[in-house]
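Reproduced below: target.txt, with compact mmCIF, C-alpha atoms.
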# COMPACT_ATOMS: atom_id res chain seq x y z
CA MET A 1 33.75 -25.05 21.16
CA ARG A 2 33.68 -21.99 18.85
CA ALA A 3 31.38 -23.82 16.43
CA ALA A 4 29.04 -24.77 19.27
CA LEU A 5 28.93 -21.16 20.51
CA LEU A 6 28.22 -19.91 16.98
CA LEU A 7 25.38 -22.40 16.55
CA ALA A 8 23.92 -21.40 19.92
CA SER A 9 24.03 -17.71 19.00
CA LEU A 10 22.30 -18.42 15.66
CA LEU A 11 19.54 -20.39 17.40
CA ILE A 12 19.02 -17.54 19.85
CA ALA A 13 18.82 -15.05 16.98
CA VAL A 14 16.26 -17.19 15.12
CA THR A 15 14.16 -17.53 18.27
CA THR A 16 14.34 -13.81 19.01
CA HIS A 17 13.23 -12.81 15.52
CA ALA A 18 10.65 -15.54 14.93
CA ALA A 19 7.45 -14.26 13.37
CA ASN A 20 4.36 -14.25 15.57
CA PHE A 21 1.16 -14.76 13.60
CA SER A 22 -1.10 -15.31 16.63
CA GLY A 23 -3.40 -12.78 18.26
CA ARG A 24 -6.90 -12.11 19.49
CA ASP A 25 -8.09 -10.53 16.22
CA LEU A 26 -6.89 -12.07 12.96
CA PHE A 27 -7.77 -11.51 9.31
CA ILE A 28 -7.62 -13.71 6.19
CA PRO A 29 -7.98 -11.77 2.90
CA LEU A 30 -9.24 -14.60 0.71
CA ILE A 31 -11.15 -17.80 1.35
CA GLY A 32 -13.89 -19.39 -0.71
CA ARG A 33 -15.22 -21.97 -3.13
CA THR A 34 -15.41 -20.84 -6.75
CA PRO A 35 -14.41 -21.70 -10.32
CA GLY A 36 -11.44 -19.83 -11.77
CA ALA A 37 -9.64 -19.34 -15.06
CA ASN A 38 -8.44 -22.22 -17.28
CA GLY A 39 -10.70 -24.84 -15.69
CA THR A 40 -9.50 -24.30 -12.12
CA GLN A 41 -11.87 -25.16 -9.26
CA TRP A 42 -10.84 -23.41 -6.04
CA ARG A 43 -11.61 -24.79 -2.58
CA SER A 44 -10.50 -23.65 0.90
CA ASP A 45 -9.78 -25.38 4.19
CA LEU A 46 -9.42 -23.44 7.44
CA ILE A 47 -6.95 -24.52 10.13
CA LEU A 48 -7.50 -22.82 13.50
CA SER A 49 -5.49 -23.24 16.72
CA ASN A 50 -5.74 -22.06 20.33
CA ARG A 51 -2.23 -20.92 21.30
CA SER A 52 -2.96 -20.80 25.04
CA GLU A 53 -1.49 -23.49 27.29
CA HIS A 54 -4.15 -23.05 29.97
CA PHE A 55 -7.25 -21.20 28.73
CA GLU A 56 -10.07 -22.33 26.46
CA THR A 57 -11.85 -19.91 24.17
CA THR A 58 -14.75 -19.48 21.81
CA VAL A 59 -13.71 -18.12 18.43
CA SER A 60 -16.02 -16.01 16.27
CA LEU A 61 -15.58 -16.51 12.53
CA VAL A 62 -17.18 -13.86 10.31
CA TYR A 63 -17.09 -14.76 6.62
CA ASP A 64 -17.83 -11.66 4.54
CA PRO A 65 -18.47 -12.65 0.90
CA VAL A 66 -17.86 -10.28 -1.98
CA VAL A 67 -21.52 -10.84 -2.91
CA GLY A 68 -24.06 -11.41 -0.14
CA GLU A 69 -24.40 -10.95 3.59
CA PRO A 70 -21.80 -11.85 6.26
CA TYR A 71 -22.04 -15.29 7.83
CA LEU A 72 -21.15 -15.87 11.52
CA GLN A 73 -19.97 -19.15 13.00
CA THR A 74 -18.44 -19.91 16.41
CA ILE A 75 -15.92 -22.62 17.28
CA HIS A 76 -14.97 -23.68 20.83
CA LEU A 77 -11.32 -24.54 21.36
CA HIS A 78 -9.72 -26.18 24.39
CA PRO A 79 -6.17 -25.16 25.38
CA ARG A 80 -3.63 -26.08 22.65
CA ALA A 81 -6.44 -27.49 20.47
CA THR A 82 -6.51 -27.29 16.68
CA VAL A 83 -9.44 -27.80 14.30
CA HIS A 84 -9.26 -28.46 10.56
CA LEU A 85 -12.41 -27.27 8.78
CA THR A 86 -12.38 -28.92 5.36
CA GLU A 87 -14.01 -26.89 2.58
CA PHE A 88 -14.91 -24.12 4.99
CA VAL A 89 -16.98 -22.38 2.33
CA GLY A 90 -19.40 -24.98 1.01
CA THR A 91 -19.52 -27.15 4.13
CA HIS A 92 -19.33 -24.90 7.20
CA VAL A 93 -20.60 -21.86 5.31
CA PRO A 94 -23.59 -23.03 3.23
CA LEU A 95 -22.55 -21.36 -0.05
CA THR A 96 -21.29 -23.16 -3.14
CA ASN A 97 -19.98 -20.36 -5.35
CA SER A 98 -18.57 -17.63 -3.16
CA PHE A 99 -15.33 -16.01 -1.99
CA GLY A 100 -14.53 -13.26 0.47
CA THR A 101 -12.63 -12.33 3.63
CA LEU A 102 -12.60 -13.92 7.08
CA GLN A 103 -12.47 -12.14 10.43
CA ILE A 104 -11.32 -14.27 13.38
CA HIS A 105 -11.89 -13.14 16.99
CA SER A 106 -10.98 -14.96 20.19
CA GLN A 107 -13.52 -14.11 22.88
CA ASN A 108 -10.99 -14.84 25.66
CA ALA A 109 -8.26 -12.20 25.90
CA SER A 110 -6.00 -14.79 27.56
CA ALA A 111 -6.25 -17.19 24.61
CA PRO A 112 -4.67 -15.90 21.39
CA VAL A 113 -5.32 -17.93 18.27
CA ALA A 114 -3.46 -18.72 15.05
CA ALA A 115 -4.97 -19.67 11.71
CA HIS A 116 -4.32 -20.17 8.03
CA ALA A 117 -6.32 -21.11 4.97
CA ARG A 118 -5.28 -23.79 2.50
CA VAL A 119 -6.60 -22.57 -0.85
CA TYR A 120 -6.30 -25.25 -3.52
CA ASN A 121 -7.31 -26.07 -7.08
CA THR A 122 -9.10 -29.38 -7.65
CA GLY A 123 -9.62 -28.88 -11.39
CA HIS A 124 -6.59 -30.78 -12.73
CA ALA A 125 -6.32 -34.49 -13.50
CA ALA A 126 -2.93 -34.74 -11.74
CA GLY A 127 -4.52 -33.85 -8.38
CA GLU A 128 -4.77 -30.85 -6.09
CA PHE A 129 -2.46 -27.84 -6.22
CA GLY A 130 -2.60 -25.52 -3.23
CA GLN A 131 -1.23 -22.46 -1.50
CA VAL A 132 -1.31 -21.17 2.07
CA VAL A 133 -2.89 -17.84 3.03
CA GLN A 134 -1.67 -16.98 6.53
CA ALA A 135 -4.03 -15.21 8.95
CA MET A 136 -2.40 -12.05 10.25
CA PRO A 137 -3.11 -10.03 13.42
CA VAL A 138 -5.07 -6.94 12.36
CA SER A 139 -2.83 -4.75 14.54
CA THR A 140 0.23 -5.67 12.45
CA LEU A 141 -1.26 -4.92 9.02
CA PRO A 142 0.27 -1.89 7.24
CA GLU A 143 -1.09 1.12 5.42
CA THR A 144 1.79 0.96 2.93
CA ALA A 145 2.39 -2.53 1.53
CA TRP A 146 4.88 -3.89 -1.01
CA LEU A 147 4.63 -6.99 -3.20
CA HIS A 148 7.84 -8.15 -4.88
CA GLY A 149 8.73 -10.71 -7.53
CA LEU A 150 5.48 -10.76 -9.50
CA ILE A 151 5.57 -12.81 -12.74
CA GLY A 152 3.49 -12.45 -15.91
CA PHE A 153 5.12 -14.69 -18.50
CA ARG A 154 6.86 -18.11 -18.92
CA GLY A 155 3.47 -19.74 -18.35
CA PHE A 156 2.58 -17.79 -15.19
CA ARG A 157 -0.01 -15.17 -14.38
CA THR A 158 -0.26 -13.13 -11.19
CA ASN A 159 -3.43 -11.99 -9.45
CA VAL A 160 -3.25 -9.35 -6.71
CA GLY A 161 -5.72 -8.78 -3.90
CA VAL A 162 -6.06 -5.83 -1.55
CA ALA A 163 -8.36 -6.58 1.40
CA ASN A 164 -9.79 -4.02 3.82
CA ALA A 165 -9.30 -5.23 7.40
CA THR A 166 -11.24 -2.34 8.96
CA GLY A 167 -14.87 -1.37 9.50
CA THR A 168 -14.70 1.73 7.29
CA GLN A 169 -14.16 2.23 3.56
CA VAL A 170 -10.47 2.32 2.54
CA SER A 171 -8.95 3.99 -0.50
CA PHE A 172 -5.61 3.02 -2.03
CA SER A 173 -3.31 3.72 -4.95
CA LEU A 174 -0.81 1.57 -6.84
CA ALA A 175 2.70 2.27 -8.11
CA TRP A 176 4.80 -0.31 -9.94
CA TYR A 177 8.49 -0.84 -10.64
CA ASP A 178 10.31 -3.19 -13.02
CA LYS A 179 12.98 -5.73 -12.04
CA HIS A 180 15.65 -3.03 -12.31
CA GLY A 181 13.83 -0.84 -9.79
CA GLU A 182 12.72 1.67 -12.41
CA PRO A 183 9.25 3.22 -11.91
CA HIS A 184 6.76 2.47 -14.66
CA GLY A 185 3.55 4.10 -13.55
CA SER A 186 0.86 4.50 -10.95
CA ALA A 187 -2.91 4.27 -10.66
CA GLY A 188 -5.67 5.15 -8.21
CA MET A 189 -7.58 5.93 -6.23
CA PHE A 190 -9.37 2.62 -5.73
CA THR A 191 -11.89 2.03 -2.95
CA VAL A 192 -12.65 -1.15 -1.05
CA GLU A 193 -15.58 -1.55 1.32
CA PRO A 194 -15.25 -2.66 4.99
CA TYR A 195 -13.92 -6.23 5.32
CA SER A 196 -14.09 -6.62 1.55
CA LEU A 197 -11.62 -7.45 -1.19
CA TYR A 198 -10.45 -5.77 -4.39
CA ILE A 199 -8.91 -8.24 -6.89
CA PHE A 200 -6.74 -7.43 -9.91
CA ASN A 201 -6.82 -10.44 -12.22
CA ASP A 202 -3.53 -10.57 -14.17
CA ILE A 203 -1.84 -7.56 -12.60
CA PHE A 204 0.38 -6.89 -15.65
CA ASP A 205 -2.67 -6.46 -17.86
CA ALA A 206 -4.44 -4.47 -15.11
CA VAL A 207 -1.65 -1.89 -14.83
CA GLY A 208 -0.84 -1.89 -18.55
CA MET A 209 2.73 -3.19 -18.22
CA GLU A 210 4.46 -5.60 -20.61
CA PRO A 211 4.49 -9.09 -19.04
CA ASP A 212 7.83 -9.77 -17.36
CA GLU A 213 9.17 -11.08 -14.07
CA GLY A 214 10.37 -9.18 -11.03
CA LEU A 215 7.57 -6.60 -10.91
CA SER A 216 7.31 -4.77 -7.57
CA LEU A 217 4.01 -3.21 -6.57
CA ARG A 218 3.45 -0.58 -3.89
CA ILE A 219 0.00 -0.26 -2.31
CA LEU A 220 -0.51 3.02 -0.44
CA ALA A 221 -3.75 2.88 1.57
CA SER A 222 -5.71 5.17 3.89
CA ASP A 223 -5.93 2.45 6.57
CA ARG A 224 -4.81 -1.10 7.32
CA VAL A 225 -4.92 -3.51 4.40
CA TYR A 226 -3.87 -7.09 3.77
CA ALA A 227 -2.30 -7.23 0.31
CA TYR A 228 -1.20 -10.46 -1.34
CA ALA A 229 -0.27 -11.87 -4.74
CA SER A 230 -1.19 -15.29 -6.12
CA VAL A 231 1.24 -16.51 -8.80
CA ILE A 232 -0.48 -19.25 -10.83
CA ARG A 233 0.72 -21.63 -13.53
CA ASN A 234 -1.61 -21.41 -16.52
CA ASP A 235 -1.37 -25.11 -17.42
CA THR A 236 -1.99 -26.79 -14.04
CA GLY A 237 -3.38 -24.10 -11.77
CA ASP A 238 -0.51 -24.70 -9.34
CA ALA A 239 -0.04 -21.52 -7.31
CA TYR A 240 1.93 -19.88 -4.55
CA THR A 241 1.21 -16.87 -2.37
CA ILE A 242 3.35 -13.77 -1.90
CA ALA A 243 2.49 -11.86 1.27
CA ALA A 244 3.02 -8.12 1.32
CA ASP A 245 5.94 -6.50 3.11
CA GLY A 246 4.75 -3.46 5.06
CA ASP A 247 6.48 -0.13 5.71

Go through the file and emit its structure as structure tokens.
Amino acid sequence: MRAALLLASLLIAVTTHAANFSGRDLFIPLIGRTPGANGTQWRSDLILSNRSEHFETTVSLVYDPVVGEPYLQTIHLHPRATVHLTEFVGTHVPLTNSFGTLQIHSQNASAPVAAHARVYNTGHAAGEFGQVVQAMPVSTLPETAWLHGLIGFRGFRTNVGVANATGTQVSFSLAWYDKHGEPHGSAGMFTVEPYSLYIFNDIFDAVGMEPDEGLSLRILASDRVYAYASVIRNDTGDAYTIAADGD
């Protein structure tokens, strides 16, 4: 009986504290179709769901490339429906060498949506290696963001992106700490245009720190940003995403 009560209490706690990634206005910091380092070929699928049990909605998708003009597409979703848009950039957005951010807006206030991008490398003979970039509600994005556990050796490199989820220019600074929590420097200010993306390729080289593991990076911004890290194996292009923890 005591074990059953303990299990029930744990299930209640998990349910109570479950993350909610759905909303009316979402933001993805990186999606695209582009070649990368070491022979990688990056592609992106978009998975989009209507979370409403009863209401349909039309969803506006605004792809804002780093180079070029924004591209608008609309998708109609029935209640509880999900669409999988394979190679979103390249097929649904008619560009073949482009990356940028994605704004997602549900036109029905009663129909929140959820989304994520599958960003994957097709440039290895063993097959595809991918990572998930979760869409986040704009209202939950922080002004102070932390990235932990960044790696720059043992065959890994780490790229960091800071995306502006607002309609005005955002400035931000960086501060970094080693695996022992000791501060090792800071840099800034950097600026990023509305709905655009600032990428640091190989963050250890970018901040001038000896490659190691366990680097923590603080991003202090003037408005809401979506910060992320992509940790990539140099030999295969296999990667995983670290989402920022906000203050």

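You can rank A:Leu174, A:Ala243, A:Ala37, A:Leu85 by their closest distance to Ala221 (chain A) using only C-alpha atoms, and at the top of that list sits A:Leu174.
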
Between region 178-243 of chain A and region 129-144 of chain A, at 9 Å or less, what are the per-residue closest atom pairs and their distances in Å? Count only C-alpha atoms, order by chain and rising residue number, and return it as a tab-separated table.
residue	atom	partner	partner_atom	distance
A:Arg218	CA	A:Thr144	CA	7.2
A:Ile219	CA	A:Thr144	CA	5.7
A:Leu220	CA	A:Thr144	CA	4.6
A:Ala221	CA	A:Glu143	CA	5.0
A:Ser222	CA	A:Glu143	CA	6.3
A:Asp223	CA	A:Glu143	CA	5.1
A:Arg224	CA	A:Glu143	CA	4.7
A:Val225	CA	A:Leu141	CA	6.1
A:Tyr226	CA	A:Leu141	CA	6.3
A:Tyr228	CA	A:Val133	CA	8.7
A:Ser230	CA	A:Gln131	CA	8.5
A:Thr236	CA	A:Phe129	CA	7.9
A:Gly237	CA	A:Phe129	CA	6.8
A:Asp238	CA	A:Phe129	CA	4.8
A:Ala239	CA	A:Gln131	CA	6.0
A:Tyr240	CA	A:Gln131	CA	5.1
A:Thr241	CA	A:Gln131	CA	6.2
A:Ile242	CA	A:Val133	CA	8.9
A:Ala243	CA	A:Val133	CA	8.2

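Of the listed residues (A:Glu56, A:Glu87, A:Asp202, A:Glu69), A:Glu87 comes nearest to Gly32 (chain A); the distances count all atoms listed in the file.
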
For this session: Using all atoms listed in the file, find the one residue out of A:Gly185, A:Gly152, A:Gly246, A:Gly39 that sits nearest to Phe204 (chain A).
Result: A:Gly152

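Residues with any atom within 6 Å of Thr40 (chain A), counting only C-alpha atoms and excluding same-chain neighbours fewer than 2 positions away, are Pro35, Gly36, Ala37, Asn38, Asn121 and Gly123 of chain A.
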
Exercise. Could you name the residues that touch His76 (chain A) at 7 Å or less, counting all atoms listed in the file, but leaving out those on the same chain fewer than 6 positions away, as an MDAnalysis selection string?
Worked result: chainID A and resid 57:59

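Between Glu182 (chain A) and the candidates A:Val207, A:Gln41, A:Val162, A:Leu217, the tightest atom-to-atom separation, counting all atoms listed in the file, involves A:Leu217.
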
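Relative to CA of Asn201 (chain A), CA of Ser216 (chain A) is found at 15.9 Å.
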
Once you add 3 Å to each side, what are the centre and edge lengths of the axis-aligned box holding all listed atoms of region 184-201 of chain A? One decimal in Å, as AutoDock Vina command-line options, if you can.
--center_x -4.4 --center_y -2.3 --center_z -4.7 --size_x 28.3 --size_y 22.4 --size_z 26.0

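Rounded to one decimal, CA of Asn97 (chain A) and CA of Tyr63 (chain A) lie 13.5 Å from each other.
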
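For the atom pair formed by CA of Arg43 (chain A) and CA of Gly90 (chain A), the distance is 8.6 Å, given to one decimal.
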
Exercise. If you count only C-alpha atoms, which residues fall within 9 Å of region 190-197 of chain A, apart from same-chain ones fewer than 3 positions away, as an MDAnalysis selection string?
Worked result: chainID A and resid 29:30 64:66 100:103 161:174 187

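Among the candidate residues A:Asn159, A:Asn108, A:Ser60, A:Asn234, the one lying nearest to Leu48 (chain A) is A:Ser60, with distances computed using all atoms listed in the file.
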
Seminar exercise, completed: Of A:Asp45, A:Asp205, A:Glu213, A:Glu53, the one nearest to Arg118 (chain A) when counting only C-alpha atoms is A:Asp45

Which residues, written as an mmCIF file with C-alpha atoms, in the coordinates of the input, have at least one atom at most 7 Å from Asp245 (chain A), with all atoms listed in the file counted and residues fewer than 2 positions away on the same chain left out?
data_model
loop_
_atom_site.group_PDB
_atom_site.id
_atom_site.type_symbol
_atom_site.label_atom_id
_atom_site.label_comp_id
_atom_site.auth_asym_id
_atom_site.auth_seq_id
_atom_site.Cartn_x
_atom_site.Cartn_y
_atom_site.Cartn_z
ATOM 1 C CA ALA A 145 2.390 -2.530 1.530
ATOM 2 C CA TRP A 146 4.880 -3.890 -1.010
ATOM 3 C CA LEU A 147 4.630 -6.990 -3.200
ATOM 4 C CA ALA A 243 2.490 -11.860 1.270
ATOM 5 C CA ASP A 247 6.480 -0.130 5.710
#
